[in-house]
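Peer 1: File data_4.txt follows (compact mmCIF, C-alpha atoms (C1' of nucleotides)):
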# COMPACT_ATOMS: atom_id res chain seq x y z
CA MET A 1 133.35 89.02 169.57
CA LYS A 2 136.56 90.09 167.92
CA ASP A 3 137.77 93.60 168.52
CA ILE A 4 138.28 94.56 164.94
CA THR A 5 137.39 98.23 165.47
CA SER A 6 140.60 99.19 167.26
CA LYS A 7 142.72 97.29 164.75
CA LEU A 8 141.00 99.11 161.91
CA ILE A 9 141.60 102.47 163.56
CA ASP A 10 145.30 101.68 163.92
CA LEU A 11 145.59 100.65 160.27
CA PHE A 12 143.67 103.69 159.07
CA LYS A 13 146.06 106.01 160.90
CA GLN A 14 148.88 104.69 158.77
CA GLY A 15 147.06 104.26 155.49
CA TYR A 16 145.27 101.21 154.08
CA CYS A 17 143.07 103.40 151.91
CA THR A 18 143.07 104.05 148.18
CA PRO A 19 141.66 106.62 145.75
CA GLN A 20 138.16 106.24 144.30
CA ILE A 21 139.10 106.43 140.66
CA SER A 22 135.68 105.99 139.11
CA ARG A 23 134.07 108.52 141.45
CA ILE A 24 136.79 111.06 140.64
CA ALA A 25 136.40 110.31 136.94
CA LYS A 26 132.69 111.12 137.10
CA LYS A 27 133.32 114.25 139.16
CA LEU A 28 135.96 115.60 136.77
CA LYS A 29 134.20 114.24 133.67
CA GLU A 30 137.30 112.45 132.42
CA PRO A 31 137.83 108.81 131.45
CA SER A 32 138.79 106.65 134.40
CA THR A 33 141.95 105.51 132.62
CA THR A 34 143.12 109.13 132.46
CA ILE A 35 142.44 109.57 136.16
CA HIS A 36 144.21 106.31 136.89
CA TYR A 37 147.27 107.41 134.92
CA ASN A 38 147.45 110.77 136.68
CA ILE A 39 147.05 109.30 140.15
CA LYS A 40 149.81 106.76 139.55
CA LYS A 41 152.00 109.64 138.45
CA LEU A 42 151.25 111.54 141.67
CA GLU A 43 152.23 108.47 143.65
CA ARG A 44 155.33 107.72 141.58
CA ASP A 45 156.57 111.31 141.91
CA GLY A 46 155.96 111.19 145.65
CA LEU A 47 153.44 114.04 145.88
CA VAL A 48 151.10 111.65 147.68
CA ARG A 49 152.59 109.89 150.68
CA SER A 50 149.62 107.85 151.76
CA TYR A 51 145.84 107.53 151.82
CA LYS A 52 144.32 107.42 155.30
CA ALA A 53 141.21 108.00 157.36
CA VAL A 54 140.28 111.17 159.22
CA PHE A 55 138.58 110.44 162.52
CA ASP A 56 136.13 112.13 164.81
CA HIS A 57 138.74 112.13 167.54
CA LYS A 58 136.20 112.54 170.35
CA LYS A 59 134.71 109.19 169.31
CA ILE A 60 137.97 107.24 169.32
CA ASP A 61 139.17 108.27 172.78
CA GLU A 62 141.36 111.06 171.49
CA GLY A 63 139.17 113.95 172.54
CA TYR A 64 141.87 115.83 174.44
CA CYS A 65 144.06 117.75 172.02
CA VAL A 66 147.06 119.85 173.07
CA TYR A 67 149.65 121.92 171.24
CA VAL A 68 152.93 121.64 173.14
CA LEU A 69 155.64 124.27 172.78
CA ILE A 70 158.99 122.89 173.85
CA SER A 71 162.16 124.82 174.69
CA LEU A 72 165.46 122.97 174.68
CA SER A 73 168.39 123.41 177.01
CA PRO A 74 171.55 125.00 175.55
CA ASP A 75 173.32 121.63 175.18
CA GLU A 76 170.50 120.13 173.06
CA TYR A 77 169.76 123.39 171.31
CA GLY A 78 172.01 122.71 168.34
CA ASN A 79 170.53 119.30 167.64
CA PRO A 80 166.75 119.45 168.04
CA GLU A 81 166.21 116.60 165.56
CA LYS A 82 167.42 113.98 167.99
CA VAL A 83 164.77 114.94 170.55
CA ALA A 84 162.14 115.47 167.82
CA LYS A 85 162.60 112.01 166.31
CA GLU A 86 162.43 110.41 169.72
CA LEU A 87 159.11 112.14 170.40
CA ALA A 88 157.76 111.24 166.94
CA LYS A 89 157.81 107.55 167.85
CA HIS A 90 154.82 107.90 170.14
CA VAL A 91 151.37 107.30 168.63
CA GLN A 92 149.74 109.97 170.79
CA ILE A 93 151.94 112.60 169.15
CA GLU A 94 150.30 113.41 165.83
CA SER A 95 152.86 115.90 164.58
CA VAL A 96 156.36 117.11 165.44
CA ASP A 97 157.82 120.30 164.01
CA ILE A 98 161.18 121.93 164.55
CA CYS A 99 160.54 125.65 164.87
CA THR A 100 161.97 129.10 165.01
CA GLY A 101 160.74 131.67 167.46
CA ASP A 102 159.63 131.21 171.05
CA CYS A 103 160.34 127.49 171.10
CA GLU A 104 162.37 124.84 169.34
CA ILE A 105 159.79 122.05 168.93
CA ILE A 106 156.00 122.08 168.51
CA LEU A 107 153.93 118.96 169.10
CA LYS A 108 150.30 118.25 168.42
CA VAL A 109 149.15 115.64 170.90
CA ARG A 110 145.89 113.67 171.01
CA VAL A 111 144.96 111.69 174.07
CA LYS A 112 141.79 110.60 175.84
CA ASP A 113 141.72 113.10 178.68
CA GLN A 114 143.70 115.43 180.91
CA ASN A 115 144.98 112.55 183.03
CA GLU A 116 146.37 110.71 180.03
CA TYR A 117 148.02 113.94 178.92
CA TYR A 118 149.59 114.30 182.34
CA GLN A 119 150.97 110.76 182.07
CA LEU A 120 152.38 111.54 178.63
CA VAL A 121 154.07 114.72 179.87
CA LYS A 122 155.57 112.87 182.82
CA THR A 123 156.78 109.81 180.94
CA VAL A 124 157.73 110.96 177.46
CA ILE A 125 157.71 114.72 176.99
CA SER A 126 159.67 115.60 180.13
CA ARG A 127 163.19 114.43 179.49
CA LYS A 128 166.78 115.60 179.68
CA GLY A 129 167.37 118.48 177.30
CA ILE A 130 163.88 119.95 177.61
CA ILE A 131 163.86 122.93 179.92
CA LYS A 132 160.42 124.42 179.32
CA ILE A 133 157.03 123.08 178.23
CA LYS A 134 154.05 125.26 177.42
CA SER A 135 150.75 123.46 176.82
CA LEU A 136 148.05 125.11 174.74
CA THR A 137 144.92 123.01 175.17
CA SER A 138 142.32 122.94 172.42
CA LEU A 139 138.87 123.72 173.79
CA LYS A 140 137.18 123.18 170.45
CA GLN A 141 138.39 122.04 167.06
CA ILE A 142 136.80 124.05 164.28
CA LYS A 143 138.87 122.54 161.48
CA SER A 144 141.27 119.63 161.50
CA GLU A 145 143.31 118.05 158.71
CA CYS A 146 141.61 120.40 156.21
CA ILE A 147 138.19 119.11 157.23
CA THR A 148 135.76 121.53 158.89
CA LEU A 149 133.97 119.77 161.72
CA MET B 1 147.38 118.83 128.27
CA LYS B 2 144.73 118.92 130.94
CA ASP B 3 145.80 119.97 134.40
CA ILE B 4 144.35 117.04 136.23
CA THR B 5 147.03 117.02 138.92
CA SER B 6 145.84 120.13 140.75
CA LYS B 7 142.23 118.99 140.57
CA LEU B 8 143.19 115.64 142.05
CA ILE B 9 145.10 117.33 144.87
CA ASP B 10 142.05 119.44 145.70
CA LEU B 11 139.75 116.42 145.74
CA PHE B 12 142.18 114.39 147.84
CA LYS B 13 142.27 117.11 150.49
CA GLN B 14 138.56 116.62 151.03
CA GLY B 15 138.33 112.88 150.59
CA TYR B 16 137.61 110.83 147.49
CA CYS B 17 139.42 107.84 148.94
CA THR B 18 138.13 104.57 150.35
CA PRO B 19 139.40 101.72 152.52
CA GLN B 20 141.25 98.78 151.01
CA ILE B 21 139.06 96.04 152.39
CA SER B 22 140.79 93.03 150.88
CA ARG B 23 144.23 94.25 151.90
CA ILE B 24 143.03 94.84 155.46
CA ALA B 25 141.37 91.42 155.47
CA LYS B 26 144.66 89.74 154.55
CA LYS B 27 146.57 91.80 157.12
CA LEU B 28 144.18 90.97 159.96
CA LYS B 29 143.52 87.41 158.70
CA GLU B 30 139.77 87.87 158.71
CA PRO B 31 137.18 87.35 155.96
CA SER B 32 136.68 90.44 153.82
CA THR B 33 132.96 90.45 154.58
CA THR B 34 133.75 90.80 158.28
CA ILE B 35 136.07 93.69 157.57
CA HIS B 36 133.46 95.25 155.32
CA TYR B 37 130.82 95.00 158.03
CA ASN B 38 133.08 96.56 160.66
CA ILE B 39 134.17 99.42 158.43
CA LYS B 40 130.58 100.28 157.55
CA LYS B 41 129.84 100.34 161.26
CA LEU B 42 132.72 102.75 161.87
CA GLU B 43 131.32 105.02 159.17
CA ARG B 44 127.72 104.69 160.33
CA ASP B 45 128.68 105.53 163.92
CA GLY B 46 130.69 108.51 162.71
CA LEU B 47 134.09 107.45 164.06
CA VAL B 48 135.48 107.91 160.56
CA ARG B 49 134.81 111.27 158.99
CA SER B 50 136.53 110.83 155.66
CA TYR B 51 139.29 109.05 153.77
CA LYS B 52 141.88 111.35 152.24
CA ALA B 53 145.42 111.64 150.93
CA VAL B 54 148.47 112.77 152.89
CA PHE B 55 150.83 114.84 150.78
CA ASP B 56 154.48 115.62 150.68
CA HIS B 57 153.68 119.29 151.17
CA LYS B 58 157.01 120.49 149.82
CA LYS B 59 156.09 118.90 146.48
CA ILE B 60 152.67 120.53 146.17
CA ASP B 61 153.72 124.12 146.78
CA GLU B 62 152.84 124.02 150.46
CA GLY B 63 156.37 123.87 151.80
CA TYR B 64 156.01 126.83 154.17
CA CYS B 65 154.23 125.76 157.34
CA VAL B 66 153.39 128.11 160.22
CA TYR B 67 151.63 127.74 163.53
CA VAL B 68 149.80 130.99 164.26
CA LEU B 69 148.84 131.97 167.80
CA ILE B 70 146.07 134.54 167.77
CA SER B 71 144.92 136.80 170.61
CA LEU B 72 141.50 138.39 170.38
CA SER B 73 140.46 141.83 171.47
CA PRO B 74 138.19 142.07 174.54
CA ASP B 75 135.05 142.64 172.43
CA GLU B 76 135.56 139.40 170.41
CA TYR B 77 136.99 137.50 173.35
CA GLY B 78 133.67 136.01 174.41
CA ASN B 79 132.84 134.70 170.96
CA PRO B 80 135.96 133.23 169.38
CA GLU B 81 133.95 130.80 167.22
CA LYS B 82 132.81 133.53 164.88
CA VAL B 83 136.38 134.49 164.01
CA ALA B 84 137.49 130.83 163.98
CA LYS B 85 134.83 129.74 161.50
CA GLU B 86 135.63 132.65 159.25
CA LEU B 87 139.30 131.64 159.20
CA ALA B 88 138.44 127.97 158.62
CA LYS B 89 137.00 128.80 155.21
CA HIS B 90 140.44 129.35 153.73
CA VAL B 91 142.14 126.38 152.07
CA GLN B 92 145.61 127.46 153.23
CA ILE B 93 144.48 127.09 156.84
CA GLU B 94 144.73 123.38 157.61
CA SER B 95 143.43 123.51 161.16
CA VAL B 96 141.71 125.94 163.50
CA ASP B 97 141.52 125.36 167.25
CA ILE B 98 139.97 127.46 169.98
CA CYS B 99 142.39 127.41 172.88
CA THR B 100 143.06 128.17 176.47
CA GLY B 101 146.29 129.73 177.64
CA ASP B 102 148.40 132.35 175.95
CA CYS B 103 146.08 132.76 172.98
CA GLU B 104 142.49 132.19 171.93
CA ILE B 105 142.95 130.61 168.50
CA ILE B 106 145.69 128.41 167.00
CA LEU B 107 146.02 127.97 163.27
CA LYS B 108 148.15 125.60 161.25
CA VAL B 109 148.83 127.24 157.91
CA ARG B 110 150.43 125.77 154.77
CA VAL B 111 151.49 128.02 151.94
CA LYS B 112 154.15 128.04 149.23
CA ASP B 113 156.63 130.48 150.73
CA GLN B 114 157.19 133.37 153.10
CA ASN B 115 155.71 135.86 150.65
CA GLU B 116 152.49 133.91 150.30
CA TYR B 117 152.30 133.73 154.09
CA TYR B 118 152.74 137.48 154.29
CA GLN B 119 149.87 137.93 151.84
CA LEU B 120 147.68 135.61 153.92
CA VAL B 121 148.45 137.48 157.14
CA LYS B 122 147.68 140.82 155.47
CA THR B 123 144.46 139.76 153.74
CA VAL B 124 142.81 137.17 155.96
CA ILE B 125 144.44 136.73 159.34
CA SER B 126 144.69 140.42 160.21
CA ARG B 127 141.15 141.58 160.84
CA LYS B 128 139.07 143.45 163.35
CA GLY B 129 139.01 141.63 166.65
CA ILE B 130 142.49 140.19 166.38
CA ILE B 131 144.94 142.21 168.45
CA LYS B 132 148.03 140.01 168.46
CA ILE B 133 149.52 137.41 166.09
CA LYS B 134 152.52 135.26 166.91
CA SER B 135 153.92 133.16 164.06
CA LEU B 136 155.90 130.02 164.84
CA THR B 137 157.45 128.89 161.58
CA SER B 138 158.23 125.23 161.04
CA LEU B 139 161.83 124.76 159.94
CA LYS B 140 161.44 121.03 159.51
CA GLN B 141 158.54 118.65 159.82
CA ILE B 142 159.54 115.42 161.52
CA LYS B 143 156.04 113.97 161.73
CA SER B 144 152.79 115.18 160.19
CA GLU B 145 149.27 113.73 160.33
CA CYS B 146 150.64 110.70 162.22
CA ILE B 147 153.09 109.95 159.40
CA THR B 148 156.81 110.21 160.10
CA LEU B 149 158.53 111.82 157.15
C1' DA C 1 160.76 123.96 111.27
C1' DA C 2 161.13 119.03 111.06
C1' DA C 3 162.19 114.65 113.16
C1' DG C 4 162.50 111.91 116.88
C1' DA C 5 161.67 110.96 121.57
C1' DT C 6 158.90 111.21 125.53
C1' DA C 7 154.68 112.01 128.04
C1' DA C 8 149.59 112.05 128.27
C1' DT C 9 144.96 110.50 126.79
C1' DT C 10 141.77 107.03 125.85
C1' DG C 11 138.56 102.67 124.77
C1' DA C 12 138.19 97.86 125.11
C1' DA C 13 139.35 93.67 127.66
C1' DT C 14 140.55 91.71 131.84
C1' DA C 15 141.60 91.20 136.63
C1' DA C 16 140.68 92.44 141.17
C1' DT C 17 137.71 94.15 144.59
C1' DA C 18 133.64 95.66 146.98
C1' DT C 19 128.96 94.68 148.02
C1' DT C 20 124.82 92.13 148.78
C1' DC C 21 122.40 88.47 150.67
C1' DA C 22 121.01 84.73 153.52
C1' DA C 23 122.41 81.70 156.96
C1' DC C 24 124.47 81.12 161.12
C1' DC C 25 126.41 82.28 165.66
C1' DA C 26 127.20 85.20 169.85
C1' DA C 27 125.78 88.50 173.23
C1' DA C 28 122.63 91.15 175.62
C1' DT C 29 118.04 91.70 177.63
C1' DA C 30 113.94 90.83 179.87
C1' DT D 1 115.54 80.41 178.80
C1' DA D 2 113.24 82.66 175.22
C1' DT D 3 113.77 86.61 172.38
C1' DT D 4 115.91 90.24 170.22
C1' DT D 5 119.81 92.49 168.56
C1' DG D 6 124.41 92.58 166.85
C1' DG D 7 128.42 90.21 164.68
C1' DT D 8 130.52 86.69 161.53
C1' DT D 9 130.84 84.36 157.25
C1' DG D 10 130.72 81.98 152.31
C1' DA D 11 128.76 82.21 147.86
C1' DA D 12 126.93 85.08 144.18
C1' DT D 13 126.88 89.42 142.04
C1' DA D 14 127.98 94.11 140.97
C1' DT D 15 131.35 97.48 140.70
C1' DT D 16 135.81 99.12 140.13
C1' DA D 17 140.68 99.10 139.17
C1' DT D 18 144.20 97.76 136.04
C1' DT D 19 146.44 96.45 131.84
C1' DC D 20 147.31 97.01 127.17
C1' DA D 21 147.73 98.94 122.68
C1' DA D 22 146.61 102.70 119.84
C1' DT D 23 146.47 107.62 119.35
C1' DT D 24 147.56 112.25 120.23
C1' DA D 25 150.03 115.94 122.38
C1' DT D 26 154.29 117.96 124.11
C1' DC D 27 159.03 118.54 124.48
C1' DT D 28 163.94 118.22 122.56
C1' DT D 29 167.43 118.42 119.44
C1' DT D 30 169.35 119.79 115.40
Please express the file's structure as structure tokens.

Peer 2:
Amino acid sequence: MKDITSKLIDLFKQGYCTPQISRIAKKLKEPSTTIHYNIKKLERDGLVRSYKAVFDHKKIDEGYCVYVLISLSPDEYGNPEKVAKELAKHVQIESVDICTGDCEIILKVRVKDQNEYYQLVKTVISRKGIIKIKSLTSLKQIKSECITL
Amino acid sequence: MKDITSKLIDLFKQGYCTPQISRIAKKLKEPSTTIHYNIKKLERDGLVRSYKAVFDHKKIDEGYCVYVLISLSPDEYGNPEKVAKELAKHVQIESVDICTGDCEIILKVRVKDQNEYYQLVKTVISRKGIIKIKSLTSLKQIKSECITL
DNA sequence: AAAGATAATTGAATAATATTCAACCAAATA
DNA sequence: TATTTGGTTGAATATTATTCAATTATCTTT
């Protein structure tokens, strides 16, 4: 048996989806050519970056979700983007924001369990320049990516 | 002129997209029927919740992004889901998580600007049961919904 | 306000794609 | 090892996206 499932999940995280023009046309009661034209415009103008799947994260071994508030040391403080871009490379890190307020960087992390999170903190999040990490663990996701669960 | 753009954006937040089977088939070098079968299985088993668009939020009047840490008063403390579900109803609130640690609920909010955020805090986030709100404003999004910007 | 240019809407024709089906093969189970 | 269940696949069909050309609306310039 080929393990196509995990390959599909990886592709769907990036994109590999497309709008359902005829369904939208019926919904909005407009000709499908009009819908087609308007969608292409959205894409051309860059309002839409990608079309992708939204998962039930518990079912794809990403049930452990943590918001990570990161404080930088004074020497890295002026250039948070360097650290942020480095962190963004990791697939377990869903989002990376540079912030104002109590911390300089906020991550949203999805991993399988607490142990995998611990490994991630040890190997990628803890690094030179980061002086403080506060983990806010999600006990229950009520809404995610605009979709109420 | 019909304002189809905003209707499309609304639909794409919920879904109204679908996988590109033939493109995936070429990518993975498998017959499209095999890909079709495996995708239907993913959907049937509930690993995939929806297919949707990812936006350039700055271009759709959602350029102001805030993480909101909410503390509940002792009387609501034992039942955070009630408050969480109420908050989840609002389209500007992208995600709602019930948390452990410094706060009970974390929101990710997307609005046009600071003023619209102020309105949201006044009218929906501030309510009975919420005793403390800490706003962490995103200055720059490096990665969002798994997509590096 | 008129003329010209550009952008948006649309139906008909075509191209591309998803879906169904039946046959076959692999894996698990008893 | 016989039997059932789940996965793979090619050929046929159904559905859907895309292209194109014509039409209409909107914006720009004078």

Peer 1: In terms of the shortest atom-to-atom distance over all atoms listed in the file, which of D:DT24, D:DT19, D:DT30, D:DT1 is closest to chain A?

Peer 2: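 Ranked by minimum distance to chain A, first place goes to D:DT19.
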
Peer 1: Can you check which parts of chain B lie within 8 Å of chain A? Per residue, the shortest pair of atoms and distance in Å to one decimal, counting all atoms listed in the file, sorted by chain and number, as a Markdown table.

Peer 2:
| residue | atom | partner | partner_atom | distance |
| --- | --- | --- | --- | --- |
| B:Ile4 | CA | A:Asn38 | CA | 7.0 |
| B:Thr5 | CA | A:Asn38 | CA | 6.7 |
| B:Leu8 | CA | A:Ile39 | CA | 7.7 |
| B:Leu11 | CA | A:Ile24 | CA | 8.0 |
| B:Lys13 | CA | A:Cys146 | CA | 6.6 |
| B:Gln14 | CA | A:Ile147 | CA | 6.7 |
| B:Tyr16 | CA | A:Gln20 | CA | 5.6 |
| B:Cys17 | CA | A:Pro19 | CA | 4.1 |
| B:Thr18 | CA | A:Cys17 | CA | 5.3 |
| B:Pro19 | CA | A:Cys17 | CA | 4.1 |
| B:Gln20 | CA | A:Cys17 | CA | 5.0 |
| B:Arg23 | CA | A:Tyr16 | CA | 7.4 |
| B:Ile24 | CA | A:Tyr16 | CA | 6.9 |
| B:Ile35 | CA | A:Ile4 | CA | 7.7 |
| B:Asn38 | CA | A:Thr5 | CA | 6.7 |
| B:Ile39 | CA | A:Leu8 | CA | 7.7 |
| B:Leu42 | CA | A:Thr5 | CA | 7.4 |
| B:Gly46 | CA | A:Asp56 | CA | 6.9 |
| B:Leu47 | CA | A:Asp56 | CA | 5.2 |
| B:Val48 | CA | A:Phe55 | CA | 4.5 |
| B:Arg49 | CA | A:Phe55 | CA | 5.2 |
| B:Ser50 | CA | A:Val54 | CA | 5.2 |
| B:Tyr51 | CA | A:Ala53 | CA | 4.2 |
| B:Lys52 | CA | A:Tyr51 | CA | 5.5 |
| B:Ala53 | CA | A:Tyr51 | CA | 4.2 |
| B:Val54 | CA | A:Ser50 | CA | 5.2 |
| B:Phe55 | CA | A:Val48 | CA | 4.5 |
| B:Asp56 | CA | A:Leu47 | CA | 5.2 |
| B:His57 | CA | A:Leu47 | CA | 7.5 |
| B:Lys59 | CA | A:Leu47 | CA | 5.6 |
| B:Ile60 | CA | A:Leu47 | CA | 6.5 |
| B:Glu81 | CA | A:Ile142 | CA | 7.9 |
| B:Ala84 | CA | A:Ile142 | CA | 6.8 |
| B:Lys85 | CA | A:Ile142 | CA | 6.6 |
| B:Ala88 | CA | A:Lys143 | CA | 6.2 |
| B:Val91 | CA | A:Cys146 | CA | 7.3 |
| B:Ile93 | CA | A:Cys146 | CA | 7.3 |
| B:Glu94 | CA | A:Cys146 | CA | 4.5 |
| B:Ser95 | CA | A:Ser144 | CA | 4.5 |
| B:Val96 | CA | A:Lys143 | CA | 4.9 |
| B:Asp97 | CA | A:Gln141 | CA | 4.6 |
| B:Ile98 | CA | A:Lys140 | CA | 5.1 |
| B:Cys99 | CA | A:Ser138 | CA | 4.5 |
| B:Thr100 | CA | A:Thr137 | CA | 5.6 |
| B:Gly101 | CA | A:Leu136 | CA | 5.7 |
| B:Asp102 | CA | A:Leu136 | CA | 7.3 |
| B:Ser135 | CA | A:Gly101 | CA | 7.8 |
| B:Leu136 | CA | A:Gly101 | CA | 5.7 |
| B:Thr137 | CA | A:Cys99 | CA | 5.6 |
| B:Ser138 | CA | A:Cys99 | CA | 4.5 |
| B:Leu139 | CA | A:Cys99 | CA | 5.2 |
| B:Lys140 | CA | A:Ile98 | CA | 5.1 |
| B:Gln141 | CA | A:Asp97 | CA | 4.6 |
| B:Ile142 | CA | A:Val96 | CA | 5.3 |
| B:Lys143 | CA | A:Ser95 | CA | 4.7 |
| B:Ser144 | CA | A:Ser95 | CA | 4.4 |
| B:Glu145 | CA | A:Glu94 | CA | 5.6 |
| B:Cys146 | CA | A:Glu94 | CA | 4.5 |
| B:Ile147 | CA | A:Gln14 | CA | 6.8 |
| B:Thr148 | CA | A:Ala88 | CA | 7.0 |

Peer 1: Contacts between chain A and chain C, please, where a residue of chain C counts if it comes within 8 Å (with all atoms listed in the file); show its shortest atom pair and distance in Å to one decimal, rows by chain and ascending number, as JSON lines.

Peer 2:
{"residue": "C:DT9", "atom": "C1'", "partner": "A:Thr34", "partner_atom": "CA", "distance": 6.1}
{"residue": "C:DT10", "atom": "C1'", "partner": "A:Thr33", "partner_atom": "CA", "distance": 6.9}
{"residue": "C:DA26", "atom": "C1'", "partner": "A:Met1", "partner_atom": "CA", "distance": 7.2}

Peer 1: Kindly provide, as an MDAnalysis selection string, the residues of chain D having any atom no farther than 9 Å from an atom of chain A, counting all atoms listed in the file.

Peer 2: chainID D and resid 7:8 16:18

Peer 1: What does the distance from atom CA of A:Ile130 to atom CA of B:Val68 come to in Å, to one decimal?

Peer 2: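 These atoms are spaced 22.3 Å apart.
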
Peer 1: To one decimal place in Å, what is the distance between atom CA of B:Val111 and atom CA of B:Ile133?

Peer 2: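 Between atom CA of B:Val111 and atom CA of B:Ile133 the gap is 17.1 Å.
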
Peer 1: Quote the spacing between atom CA of A:Lys112 and atom CA of A:Arg127 in Å to one decimal place.

Peer 2: 22.0 Å

Peer 1: Taking 6 positions as the minimum chain separation for residues in the same chain, which residues sit within 10 Å of D:DT28 when counting only C-alpha atoms (C1' of nucleotides)? Answer as a list in words.

Peer 2: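 So, after excluding close chain neighbours, the residues are DG4, DA5 and DT6 of chain C.
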
Peer 1: Fix up stretch 70-85 of chain A with N, CA and C atoms, then write it as a PDB file, in the frame of the given file.

Peer 2:
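What follows is the written file rebuild-v6.pdb:
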ATOM      1  N   ILE A  70     157.868 123.416 173.083  1.00  0.00           N
ATOM      2  CA  ILE A  70     158.990 122.890 173.850  1.00  0.00           C
ATOM      3  C   ILE A  70     160.244 123.750 173.641  1.00  0.00           C
ATOM      4  N   SER A  71     160.870 124.120 174.757  1.00  0.00           N
ATOM      5  CA  SER A  71     162.160 124.820 174.690  1.00  0.00           C
ATOM      6  C   SER A  71     163.260 123.869 175.125  1.00  0.00           C
ATOM      7  N   LEU A  72     164.353 123.882 174.386  1.00  0.00           N
ATOM      8  CA  LEU A  72     165.460 122.970 174.680  1.00  0.00           C
ATOM      9  C   LEU A  72     166.538 123.660 175.497  1.00  0.00           C
ATOM     10  N   SER A  73     167.258 122.874 176.250  1.00  0.00           N
ATOM     11  CA  SER A  73     168.390 123.410 177.010  1.00  0.00           C
ATOM     12  C   SER A  73     169.557 123.689 176.049  1.00  0.00           C
ATOM     13  N   PRO A  74     170.466 124.579 176.445  1.00  0.00           N
ATOM     14  CA  PRO A  74     171.550 125.000 175.550  1.00  0.00           C
ATOM     15  C   PRO A  74     172.338 123.833 174.954  1.00  0.00           C
ATOM     16  N   ASP A  75     172.520 122.744 175.701  1.00  0.00           N
ATOM     17  CA  ASP A  75     173.320 121.630 175.180  1.00  0.00           C
ATOM     18  C   ASP A  75     172.602 120.842 174.094  1.00  0.00           C
ATOM     19  N   GLU A  76     171.258 120.842 174.105  1.00  0.00           N
ATOM     20  CA  GLU A  76     170.500 120.130 173.060  1.00  0.00           C
ATOM     21  C   GLU A  76     170.062 121.088 171.946  1.00  0.00           C
ATOM     22  N   TYR A  77     170.284 122.345 172.186  1.00  0.00           N
ATOM     23  CA  TYR A  77     169.760 123.390 171.310  1.00  0.00           C
ATOM     24  C   TYR A  77     170.208 123.211 169.851  1.00  0.00           C
ATOM     25  N   GLY A  78     171.469 122.826 169.696  1.00  0.00           N
ATOM     26  CA  GLY A  78     172.010 122.710 168.340  1.00  0.00           C
ATOM     27  C   GLY A  78     171.564 121.470 167.594  1.00  0.00           C
ATOM     28  N   ASN A  79     170.913 120.551 168.286  1.00  0.00           N
ATOM     29  CA  ASN A  79     170.530 119.300 167.640  1.00  0.00           C
ATOM     30  C   ASN A  79     169.107 118.901 168.029  1.00  0.00           C
ATOM     31  N   PRO A  80     168.131 119.727 167.632  1.00  0.00           N
ATOM     32  CA  PRO A  80     166.750 119.450 168.040  1.00  0.00           C
ATOM     33  C   PRO A  80     166.179 118.177 167.401  1.00  0.00           C
ATOM     34  N   GLU A  81     166.770 117.752 166.287  1.00  0.00           N
ATOM     35  CA  GLU A  81     166.210 116.600 165.560  1.00  0.00           C
ATOM     36  C   GLU A  81     166.265 115.314 166.373  1.00  0.00           C
ATOM     37  N   LYS A  82     167.285 115.184 167.176  1.00  0.00           N
ATOM     38  CA  LYS A  82     167.420 113.980 167.990  1.00  0.00           C
ATOM     39  C   LYS A  82     166.201 113.847 168.919  1.00  0.00           C
ATOM     40  N   VAL A  83     165.917 114.931 169.651  1.00  0.00           N
ATOM     41  CA  VAL A  83     164.770 114.940 170.550  1.00  0.00           C
ATOM     42  C   VAL A  83     163.470 114.776 169.762  1.00  0.00           C
ATOM     43  N   ALA A  84     163.363 115.484 168.642  1.00  0.00           N
ATOM     44  CA  ALA A  84     162.140 115.470 167.820  1.00  0.00           C
ATOM     45  C   ALA A  84     161.824 114.051 167.334  1.00  0.00           C
ATOM     46  N   LYS A  85     162.825 113.361 166.832  1.00  0.00           N
ATOM     47  CA  LYS A  85     162.600 112.010 166.310  1.00  0.00           C
ATOM     48  C   LYS A  85     162.222 111.033 167.404  1.00  0.00           C
TER      49      LYS A  85
END
